[in-house]
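Asks: File follows, entry-v3.txt with compact mmCIF, C-alpha atoms and all ligand atoms:
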```txt
# COMPACT_ATOMS: atom_id res chain seq x y z
CA MET A 54 -79.00 0.39 30.54
CA VAL A 55 -76.89 3.31 31.85
CA LYS A 56 -76.60 3.29 35.63
CA GLU A 57 -76.45 6.77 37.14
CA ASN A 58 -76.37 8.24 40.63
CA LYS A 59 -75.30 5.00 42.26
CA TYR A 60 -73.51 5.86 45.51
CA ILE A 61 -70.68 3.59 46.69
CA PRO A 62 -69.21 4.45 50.13
CA ALA A 63 -65.47 4.20 50.94
CA LEU A 64 -65.41 0.40 51.40
CA SER A 65 -68.56 -0.47 49.40
CA PHE A 66 -70.64 -0.98 52.57
CA ARG A 67 -71.18 1.64 55.29
CA TRP A 68 -70.58 -0.85 58.11
CA LEU A 69 -67.02 -1.31 56.77
CA THR A 70 -66.16 2.42 56.94
CA PRO A 71 -64.28 2.13 60.32
CA LEU A 72 -61.89 -0.35 58.63
CA TYR A 73 -61.06 2.02 55.77
CA ASP A 74 -58.06 3.82 57.31
CA PRO A 75 -56.27 0.67 58.60
CA LEU A 76 -56.85 -1.12 55.26
CA LEU A 77 -55.43 1.77 53.23
CA LYS A 78 -52.49 2.25 55.59
CA TRP A 79 -51.38 -1.36 55.98
CA GLY A 80 -52.94 -3.05 52.94
CA MET A 81 -52.26 -0.43 50.29
CA ARG A 82 -49.39 1.57 51.80
CA GLU A 83 -51.38 4.65 50.86
CA GLU A 84 -48.73 7.09 52.05
CA ASN A 85 -46.46 6.19 49.08
CA PHE A 86 -48.96 7.01 46.37
CA LYS A 87 -50.64 9.91 48.16
CA ARG A 88 -47.24 11.55 48.72
CA ARG A 89 -46.48 11.08 45.01
CA LEU A 90 -49.85 12.56 43.98
CA ILE A 91 -49.06 15.65 46.08
CA GLU A 92 -45.63 15.96 44.44
CA ARG A 93 -47.19 15.69 40.99
CA ALA A 94 -49.85 18.33 41.76
CA GLY A 95 -47.13 20.83 42.79
CA VAL A 96 -49.46 23.09 44.79
CA GLN A 97 -48.19 26.66 45.24
CA PRO A 98 -48.76 29.02 48.21
CA GLY A 99 -52.07 30.87 47.91
CA GLN A 100 -53.62 28.40 45.47
CA HIS A 101 -57.13 27.04 45.99
CA VAL A 102 -57.18 23.25 45.96
CA LEU A 103 -60.06 20.77 46.04
CA ASP A 104 -59.74 17.15 47.18
CA LEU A 105 -62.63 15.47 45.35
CA GLY A 106 -64.07 12.52 47.29
CA CYS A 107 -61.76 13.28 50.22
CA GLY A 108 -63.11 10.39 52.33
CA THR A 109 -61.52 10.25 55.79
CA GLY A 110 -59.24 13.14 54.83
CA THR A 111 -55.79 11.50 54.85
CA LEU A 112 -54.73 13.04 51.52
CA THR A 113 -56.39 16.37 52.37
CA VAL A 114 -54.46 16.69 55.64
CA MET A 115 -51.19 15.65 53.93
CA LEU A 116 -51.84 18.29 51.25
CA LYS A 117 -52.32 21.06 53.81
CA GLN A 118 -49.21 19.98 55.71
CA SER A 119 -47.17 20.03 52.49
CA ALA A 120 -48.58 23.41 51.35
CA PRO A 121 -49.62 25.30 54.53
CA GLU A 122 -50.24 28.54 52.65
CA ALA A 123 -52.65 26.99 50.15
CA HIS A 124 -56.42 27.00 50.71
CA ILE A 125 -57.52 23.37 50.91
CA THR A 126 -61.10 22.10 50.63
CA GLY A 127 -62.24 18.49 50.95
CA VAL A 128 -65.58 17.46 49.45
CA ASP A 129 -67.32 14.11 49.83
CA GLY A 130 -70.83 12.72 49.44
CA ASP A 131 -70.77 10.83 52.74
CA GLU A 132 -71.30 12.74 56.02
CA GLU A 133 -69.90 9.82 58.03
CA VAL A 134 -66.44 9.95 56.43
CA LEU A 135 -66.46 13.77 56.55
CA ALA A 136 -66.90 13.58 60.35
CA ILE A 137 -63.81 11.32 60.55
CA ALA A 138 -61.91 13.73 58.29
CA LYS A 139 -62.79 16.73 60.46
CA THR A 140 -61.50 14.98 63.60
CA LYS A 141 -58.30 14.00 61.76
CA ALA A 142 -57.70 17.63 60.75
CA GLU A 143 -58.36 18.88 64.29
CA GLN A 144 -55.87 16.37 65.68
CA ALA A 145 -53.29 17.46 63.08
CA ARG A 146 -54.12 21.14 63.86
CA VAL A 147 -54.63 22.07 60.21
CA ASP A 148 -57.26 24.38 58.82
CA ILE A 149 -59.26 22.72 56.03
CA LYS A 150 -62.74 23.52 54.66
CA TRP A 151 -64.95 20.42 54.56
CA ASP A 152 -68.03 20.28 52.35
CA TYR A 153 -70.74 17.77 51.62
CA GLY A 154 -71.22 17.42 47.86
CA LEU A 155 -71.48 14.99 44.99
CA ALA A 156 -68.74 14.67 42.39
CA TYR A 157 -71.16 15.27 39.51
CA ASN A 158 -72.90 18.23 41.17
CA LEU A 159 -70.21 20.19 42.98
CA PRO A 160 -71.34 23.00 45.33
CA TYR A 161 -68.92 25.59 43.88
CA PRO A 162 -69.13 28.40 41.33
CA ASP A 163 -67.28 28.14 38.00
CA ARG A 164 -63.49 28.67 38.14
CA SER A 165 -63.14 28.28 41.92
CA PHE A 166 -59.97 26.16 42.07
CA ASP A 167 -56.41 26.15 40.70
CA VAL A 168 -55.93 22.45 41.36
CA VAL A 169 -58.27 19.49 41.88
CA VAL A 170 -56.89 16.20 43.22
CA SER A 171 -58.76 12.94 43.60
CA SER A 172 -57.59 9.63 45.03
CA LEU A 173 -59.41 6.31 44.58
CA VAL A 174 -62.81 7.92 43.92
CA ILE A 175 -63.35 7.64 40.17
CA HIS A 176 -63.73 3.85 40.26
CA HIS A 177 -66.77 4.37 42.53
CA LEU A 178 -68.70 6.17 39.77
CA THR A 179 -70.79 4.67 36.97
CA SER A 180 -69.50 5.37 33.44
CA ALA A 181 -72.02 8.20 32.90
CA ASP A 182 -71.20 9.72 36.30
CA LYS A 183 -67.46 9.57 35.63
CA VAL A 184 -67.92 11.82 32.58
CA ARG A 185 -70.34 14.10 34.46
CA ALA A 186 -67.87 14.38 37.36
CA PHE A 187 -65.03 15.23 34.95
CA GLN A 188 -67.23 17.94 33.39
CA GLU A 189 -67.91 19.33 36.87
CA VAL A 190 -64.20 19.37 37.71
CA ARG A 191 -63.46 21.20 34.46
CA ARG A 192 -66.21 23.72 35.29
CA VAL A 193 -64.84 24.52 38.78
CA LEU A 194 -61.22 24.71 37.58
CA ARG A 195 -59.71 28.04 36.58
CA PRO A 196 -58.13 28.31 33.11
CA ALA A 197 -54.78 26.44 33.09
CA GLY A 198 -55.84 24.65 36.29
CA GLY A 199 -54.82 21.03 36.76
CA PHE A 200 -56.79 17.90 37.63
CA TYR A 201 -54.62 15.19 39.22
CA ILE A 202 -56.23 11.79 39.67
CA LEU A 203 -54.87 8.70 41.30
CA ASP A 204 -56.96 5.62 40.64
CA PHE A 205 -56.92 2.09 39.31
CA GLY A 206 -55.97 1.75 35.68
CA ARG A 207 -54.92 -0.54 32.89
CA PRO A 208 -52.58 -3.43 33.79
CA PHE A 209 -48.88 -2.99 32.99
CA SER A 210 -47.47 -6.46 33.80
CA LEU A 211 -48.54 -10.09 33.99
CA LEU A 212 -49.30 -9.79 37.71
CA THR A 213 -51.39 -6.63 37.26
CA LYS A 214 -53.24 -8.31 34.36
CA ILE A 215 -54.31 -11.07 36.75
CA GLN A 216 -55.30 -8.48 39.39
CA GLY A 217 -57.21 -6.48 36.76
CA ALA A 218 -59.14 -9.57 35.63
CA VAL A 219 -60.41 -10.01 39.20
CA MET A 220 -60.75 -6.39 40.27
CA LYS A 221 -62.60 -5.15 37.18
CA ASN A 222 -65.71 -6.69 38.73
CA LEU A 223 -65.32 -4.53 41.84
CA GLU A 224 -67.63 -1.54 42.20
CA GLU A 225 -67.55 0.47 38.94
CA ALA A 226 -63.89 -0.23 38.17
CA ALA A 227 -64.21 -1.84 34.70
CA ASP A 228 -63.61 1.52 32.96
CA ASN A 229 -60.40 1.91 34.95
CA PHE A 230 -58.98 -1.54 34.30
CA GLY A 231 -60.13 -1.30 30.68
CA GLY A 232 -58.04 1.86 30.13
CA ARG A 233 -61.05 4.11 29.46
CA ILE A 234 -60.28 6.99 31.87
CA LEU A 235 -58.32 9.11 29.36
CA PRO A 236 -61.00 8.96 26.63
CA MET A 237 -63.59 9.92 29.27
CA LEU A 238 -61.51 12.94 30.38
CA LYS A 239 -61.34 14.02 26.74
CA GLU A 240 -65.08 13.43 26.29
CA ALA A 241 -65.63 15.75 29.28
CA GLY A 242 -63.76 18.54 27.47
CA PHE A 243 -60.19 18.33 28.72
CA ASP A 244 -57.86 18.91 25.74
CA SER A 245 -54.92 17.38 27.48
CA ALA A 246 -55.16 14.16 29.43
CA SER A 247 -52.28 11.81 30.12
CA GLU A 248 -51.24 8.80 32.17
CA ALA A 249 -48.18 10.20 33.93
CA GLU A 250 -46.94 7.14 35.80
CA HIS A 251 -48.13 3.96 37.47
CA MET A 252 -47.56 2.09 40.70
CA TYR A 253 -48.26 -1.41 41.90
CA THR A 254 -50.56 -1.96 44.91
CA LEU A 255 -51.91 -5.09 46.56
CA PHE A 256 -55.33 -4.35 45.04
CA GLY A 257 -54.13 -3.68 41.52
CA PRO A 258 -52.31 -1.21 39.29
CA VAL A 259 -52.87 2.47 40.06
CA TRP A 260 -52.20 5.30 37.62
CA PHE A 261 -51.62 9.03 37.96
CA TYR A 262 -53.86 10.73 35.38
CA GLU A 263 -53.29 14.41 34.65
CA SER A 264 -55.47 16.91 32.78
CA ILE A 265 -54.93 20.60 32.36
CA LYS A 266 -57.81 22.95 31.51
CA ALA A 267 -57.02 25.10 28.48
CA LYS A 268 -55.80 28.64 29.19
CA LYS A 269 -58.27 30.23 26.81
CA ILE A 270 -61.62 28.70 25.94
CA GLU A 271 -63.73 30.18 23.14
CA GLY A 272 -67.13 31.30 24.39
CA GLU A 273 -66.35 30.82 28.09
C1 LIG A 301 -62.18 4.68 48.35
S1 LIG A 301 -62.70 6.17 49.10
C2 LIG A 301 -61.29 7.24 48.82
C3 LIG A 301 -61.19 8.31 49.86
C4 LIG A 301 -59.95 9.17 49.79
N1 LIG A 301 -59.92 9.99 48.59
C5 LIG A 301 -58.70 8.35 49.89
O1 LIG A 301 -57.92 8.30 48.95
O2 LIG A 301 -58.51 7.73 50.95
C6 LIG A 301 -63.87 6.82 47.95
C7 LIG A 301 -64.58 8.05 48.46
O3 LIG A 301 -65.38 8.58 47.41
C8 LIG A 301 -66.59 9.04 47.96
N2 LIG A 301 -67.57 9.06 46.88
C9 LIG A 301 -68.09 8.02 46.20
N3 LIG A 301 -68.98 8.45 45.28
C10 LIG A 301 -69.02 9.81 45.39
C11 LIG A 301 -69.75 10.82 44.74
N4 LIG A 301 -70.61 10.54 43.76
N5 LIG A 301 -69.56 12.10 45.10
C12 LIG A 301 -68.68 12.42 46.11
N6 LIG A 301 -67.96 11.50 46.77
C13 LIG A 301 -68.13 10.20 46.42
C14 LIG A 301 -66.91 8.03 49.05
O4 LIG A 301 -67.80 8.56 50.02
C15 LIG A 301 -65.52 7.78 49.62
O5 LIG A 301 -65.22 8.65 50.68
```
Can you dump the structure from the file as structure tokens?
Replies:
Amino acid sequence: MVKENKYIPALSFRWLTPLYDPLLKWGMREENFKRRLIERAGVQPGQHVLDLGCGTGTLTVMLKQSAPEAHITGVDGDEEVLAIAKTKAEQARVDIKWDYGLAYNLPYPDRSFDVVVSSLVIHHLTSADKVRAFQEVRRVLRPAGGFYILDFGRPFSLLTKIQGAVMKNLEEAADNFGGRILPMLKEAGFDSASEAEHMYTLFGPVWFYESIKAKKIEGE
């Protein structure tokens, strides 16, 4: 049976949300991979950028600080984490647009963004919702726009194979650890989809997936 519309909050259970930032900071050394994701996305001044599943807004704030002249929007399906994100942005004195919205039903018109980034969100979605979310991202991207994902992925060493064997049971992560993210991006209509590089974290191997929307699309 295909499971759809299952919502998994930042740390699986809402009562764990206050622990999310310390866990990511100290347990996963998030700054390393979030900084790298920002480098890979190469946001230019004036571009419109969406952080899909922005959570408590750490990546979103880092993005704005690294590209102050870009227009940054964070979207998430959990009002509680969005409230934390807003406070974080106020404290950092950066101007970010925060929206409530679901990854597979984004509240934006077609071709709204030049770049979409997403960190540690895709493994929260059921298989069907992953493909639907990728279709939504493709819809809201402008032609030649880029989708830069950081998320768990296939193991690349003995240690990460052991981690993958345990972690694939977590949330909806089996597609990630089974190496099925690229085929799903292609199924959603992205012509180009690649695994750009990987990193090791305490919770398993993470990959940087990159897809570019075609410049010209027949019939669109
Ligand atoms: C592990 S957290 C990652 C947050 C942030 N991107 C980061 O890297 O710290 C996953 C986030 O995805 C959000 N999320 C899960 N399912 C979603 C959905 N269907 N639509 C929008 N956001 C979703 C959760 O609310 C949570 O904030």
Asks: Using only C-alpha atoms and all ligand atoms, what are the residues with an atom within 6 Å of ligand LIG 301 (chain A), set out as an MDAnalysis selection string?
Replies: chainID A and resid 60:63 106:108 129:131 154:156 171:174 177:178
Asks: Taking 4 positions as the minimum chain separation for residues in the same chain, which residues sit within 10 Å of A:Leu159 when counting only C-alpha atoms? Answer as an MDAnalysis selection string.
Replies: chainID A and resid 105 128:130 152:155 163 186 189:190 192:193
Asks: Calculate how many Å separate atom CA of A:Glu224 from atom CA of A:Val184, rounding to one decimal.
Replies: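 These two atoms are separated by 16.5 Å.
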Asks: Counting all atoms listed in the file, which residue out of A:Leu211, A:Ile137, A:Val169, A:Ala120 sits closest to A:Tyr262?
Replies: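 Smallest separation from A:Tyr262 among the options: A:Val169.
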Asks: Looking at A:Leu103, A:Arg191, A:His176, A:Trp260, which one is nearest to A:Asn222, with distances taken over only C-alpha atoms?
Replies: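 Ranked by minimum distance to A:Asn222, first place goes to A:His176.
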Asks: Which residue is closest to A:Gly232? Choose from A:Arg82, A:His251, A:Arg207, A:Lys269 and count all atoms listed in the file.
Replies: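 Going through A:Arg82, A:His251, A:Arg207, A:Lys269 one by one, the smallest distance to A:Gly232 is for A:Arg207.
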Asks: Using all atoms listed in the file, which protein or nucleic acid residues come within 10 Å of stretch 121-126 of chain A? Drop anything in the same chain fewer than 4 positions from it, and give the result as a ChimeraX atom specification.
Replies: /A:96-105,107,113-117,147-152,166,168-169
